[in-house]
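Trainee: I have a structure I would like to understand better, so I am pasting it below and will then ask my questions one at a time.
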Amino acid sequence: MRLTTKGRYAVTAMLDLAINADEAPVSLGDIARRQGISLSYLEQLFARLRRAELVRSVRGPGGGYRLARAPAGIQVSNIVDAVDESVDATRCQGLSDCQQGDTCLTHHLWCELSDQIRQFLDAVTLEQLRQRPDIQQIATRQRAQRDAGILASAP
């Protein structure tokens with residue numbers, strides 16, 4: 001099991017939004033530069049996040065994106081689900097047909113792991129992440145780099 005780039009980037013972008021959207025909407029271009037994520041990839045992710053009602057777009061000059069609800073009301077699992085990411089640790093996607101149509105020896109172990117991962121992601125909110133000292137330190141560094149004009153363009 002591994003969370004793919006889609007899920008990791010969606011969580012990263014949503015956390016960036018939670019950190020930086022206090023005063024004004026945040027543009028995807030700004031998120032792309034700060035996080036090193038392709039703008040076109042972010043556009044695809046944010047279309048899904050918008051459909052899941054996790055973000056809302058603000059049109060016009062100074063437009064961008066805002067969270068659709070408070071960061072304390074958005075679990076990491078909501079974000080992962082919105083981009084159709086799977087955290088299933090089984091080879092069979094939980095269908096119990098891992099070994100030529102039958103359940104393999106370790107199927108239930110991997111199902112339990114999947115359940116634990118899901119419970120963990122359900123228990124973590126954007127607000128909890130935003131308040132973490134390590135994340136605040138990284139956000140401060142990114143702001144300083146932006147202010148100094150040394151953030152690289154997104155790939």
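Order determines the names: the first chain of the structure tokens is A, the second B, and so forth; residues in each chain are numbered 1 upward, and ligands are numbered 1 upward as they are shown.
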Could you list, with a cut-off of 6 Å and counting only C-alpha atoms, the residues of segment 60-84 of chain A near segment 120-128 of chain A, each shown with its nearest atom pair and the distance in Å rounded to one decimal, rows sorted by chain and ascending number, as a tab-separated table?

Mentor:
```
residue	atom	partner	partner_atom	distance
A:Pro71	CA	A:Glu127	CA	4.7
A:Ala72	CA	A:Glu127	CA	4.7
A:Ile74	CA	A:Thr125	CA	5.4
A:Gln75	CA	A:Thr125	CA	4.1
A:Val76	CA	A:Leu121	CA	5.3
A:Ser77	CA	A:Leu121	CA	4.9
```

Trainee: If you run DSSP on the backbone, which residues of chain A are helix (DSSP H, G or I), as a PyMOL selection string?

Mentor: chain A and resi 5-20+28-35+39-51+71-73+76-82+107-123+126-131+133-148

Trainee: Using only C-alpha atoms, which protein or nucleic acid residues come within 12 Å of Ala21 of chain A? Drop anything in the same chain fewer than 2 positions from it, and give the result as JSON, numbers by chain.

Mentor: {"A": [13, 14, 15, 16, 17, 18, 19, 23, 24, 25, 26, 27, 28, 30, 31, 55, 56, 57, 58, 62, 63, 64, 65, 66, 67, 68, 69, 70, 71, 130]}

Trainee: How would you write, as a list of chain:residue names, the set of residues in segment 44-79 of chain A that DSSP gives as strand (DSSP E)?

Mentor: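 So, restricting segment 44-79 of chain A to strand (DSSP E), we get A:Val55, A:Arg56, A:Ser57, A:Val58, A:Gly64, A:Tyr65, A:Arg66, A:Leu67.
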
Trainee: So that I have them on file, write out the residues from the current selection with N, CA and C atoms, as a PDB file, in the first residue's frame.

Mentor:
```
ATOM      1  N   VAL A  55     -13.299  22.919  -1.045  1.00  0.00           N
ATOM      2  CA  VAL A  55     -12.813  24.259  -1.368  1.00  0.00           C
ATOM      3  C   VAL A  55     -13.871  24.980  -2.177  1.00  0.00           C
ATOM      4  N   ARG A  56     -13.749  26.287  -2.209  1.00  0.00           N
ATOM      5  CA  ARG A  56     -14.605  27.083  -3.092  1.00  0.00           C
ATOM      6  C   ARG A  56     -13.722  28.080  -3.806  1.00  0.00           C
ATOM      7  N   SER A  57     -14.090  28.361  -5.036  1.00  0.00           N
ATOM      8  CA  SER A  57     -13.299  29.302  -5.822  1.00  0.00           C
ATOM      9  C   SER A  57     -13.870  30.706  -5.671  1.00  0.00           C
ATOM     10  N   VAL A  58     -12.974  31.678  -5.749  1.00  0.00           N
ATOM     11  CA  VAL A  58     -13.338  33.086  -5.696  1.00  0.00           C
ATOM     12  C   VAL A  58     -12.866  33.691  -7.012  1.00  0.00           C
ATOM     13  N   GLY A  64      -9.014  33.256  -6.243  1.00  0.00           N
ATOM     14  CA  GLY A  64      -8.252  32.049  -5.957  1.00  0.00           C
ATOM     15  C   GLY A  64      -9.157  31.054  -5.270  1.00  0.00           C
ATOM     16  N   TYR A  65      -8.631  30.412  -4.267  1.00  0.00           N
ATOM     17  CA  TYR A  65      -9.396  29.399  -3.535  1.00  0.00           C
ATOM     18  C   TYR A  65      -9.375  29.680  -2.043  1.00  0.00           C
ATOM     19  N   ARG A  66     -10.450  29.248  -1.413  1.00  0.00           N
ATOM     20  CA  ARG A  66     -10.595  29.249   0.041  1.00  0.00           C
ATOM     21  C   ARG A  66     -11.106  27.875   0.458  1.00  0.00           C
ATOM     22  N   LEU A  67     -10.870  27.527   1.697  1.00  0.00           N
ATOM     23  CA  LEU A  67     -11.476  26.308   2.226  1.00  0.00           C
ATOM     24  C   LEU A  67     -12.978  26.528   2.310  1.00  0.00           C
TER      25      LEU A  67
END
```

Trainee: One decimal, Å: what's the distance from atom CA of Arg48 of chain A over to atom CA of Val11 of chain A, could you say?

Mentor: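 Atom-to-atom, atom CA of Arg48 of chain A and atom CA of Val11 of chain A are spaced 12.5 Å apart.
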
Trainee: Looking at A:Ile79, A:Cys98, A:Thr90, A:Gln35, which one is nearest to Leu113 of chain A, with distances taken over only C-alpha atoms?

Mentor: A:Thr90

Trainee: Take atom CA of Trp110 of chain A and atom CA of Tyr9 of chain A and report the distance between them in Å, one decimal.

Mentor: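 Between atom CA of Trp110 of chain A and atom CA of Tyr9 of chain A the gap works out to 24.6 Å.
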
Trainee: When you look at Arg146 of chain A with a cut-off of 10 Å (counting only C-alpha atoms), what residues show up, excluding the ones that are within fewer than 6 positions of it in the same chain? I need them as a CSV table (one decimal) with C-alpha atoms, in the first residue's frame.

Mentor:
```
chain,number,residue,atom,x,y,z
A,30,ASP,CA,1.1,30.5,-5.4
A,33,ARG,CA,5.4,27.7,-6.4
A,34,ARG,CA,5.5,27.2,-2.7
A,140,THR,CA,7.6,30.3,7.9
A,152,ALA,CA,11.5,28.2,-7.7
```

Trainee: For Glu112 of chain A, which of A:Ile135, A:Val87, A:Ala82, A:Leu45 is the closest residue, counting only C-alpha atoms?

Mentor: A:Val87

Trainee: May I have the residues within 12 Å of Thr4 of chain A as a ChimeraX atom specification, using only C-alpha atoms and disregarding those fewer than 4 positions away in the same chain?

Mentor: /A:8-11,80,83-88

Trainee: Keeping only C-alpha atoms, write the selected residues to a file as a PDB file, in the first residue's frame.

Mentor:
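File part.pdb, as written:
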```pdb
ATOM      1  CA  ARG A   8      -0.013  13.408  -1.093  1.00  0.00           C
ATOM      2  CA  TYR A   9      -0.214  16.485  -3.320  1.00  0.00           C
ATOM      3  CA  ALA A  10      -3.897  17.032  -2.508  1.00  0.00           C
ATOM      4  CA  VAL A  11      -3.199  16.982   1.237  1.00  0.00           C
ATOM      5  CA  VAL A  80      -7.873  11.592   0.165  1.00  0.00           C
ATOM      6  CA  VAL A  83      -9.273  12.752  -5.131  1.00  0.00           C
ATOM      7  CA  ASP A  84     -10.316   9.084  -5.334  1.00  0.00           C
ATOM      8  CA  GLU A  85      -7.206   7.875  -3.585  1.00  0.00           C
ATOM      9  CA  SER A  86      -7.165   4.422  -2.043  1.00  0.00           C
ATOM     10  CA  VAL A  87      -5.447   3.540   1.210  1.00  0.00           C
ATOM     11  CA  ASP A  88      -6.183  -0.151   0.771  1.00  0.00           C
TER      12      ASP A  88
END
```
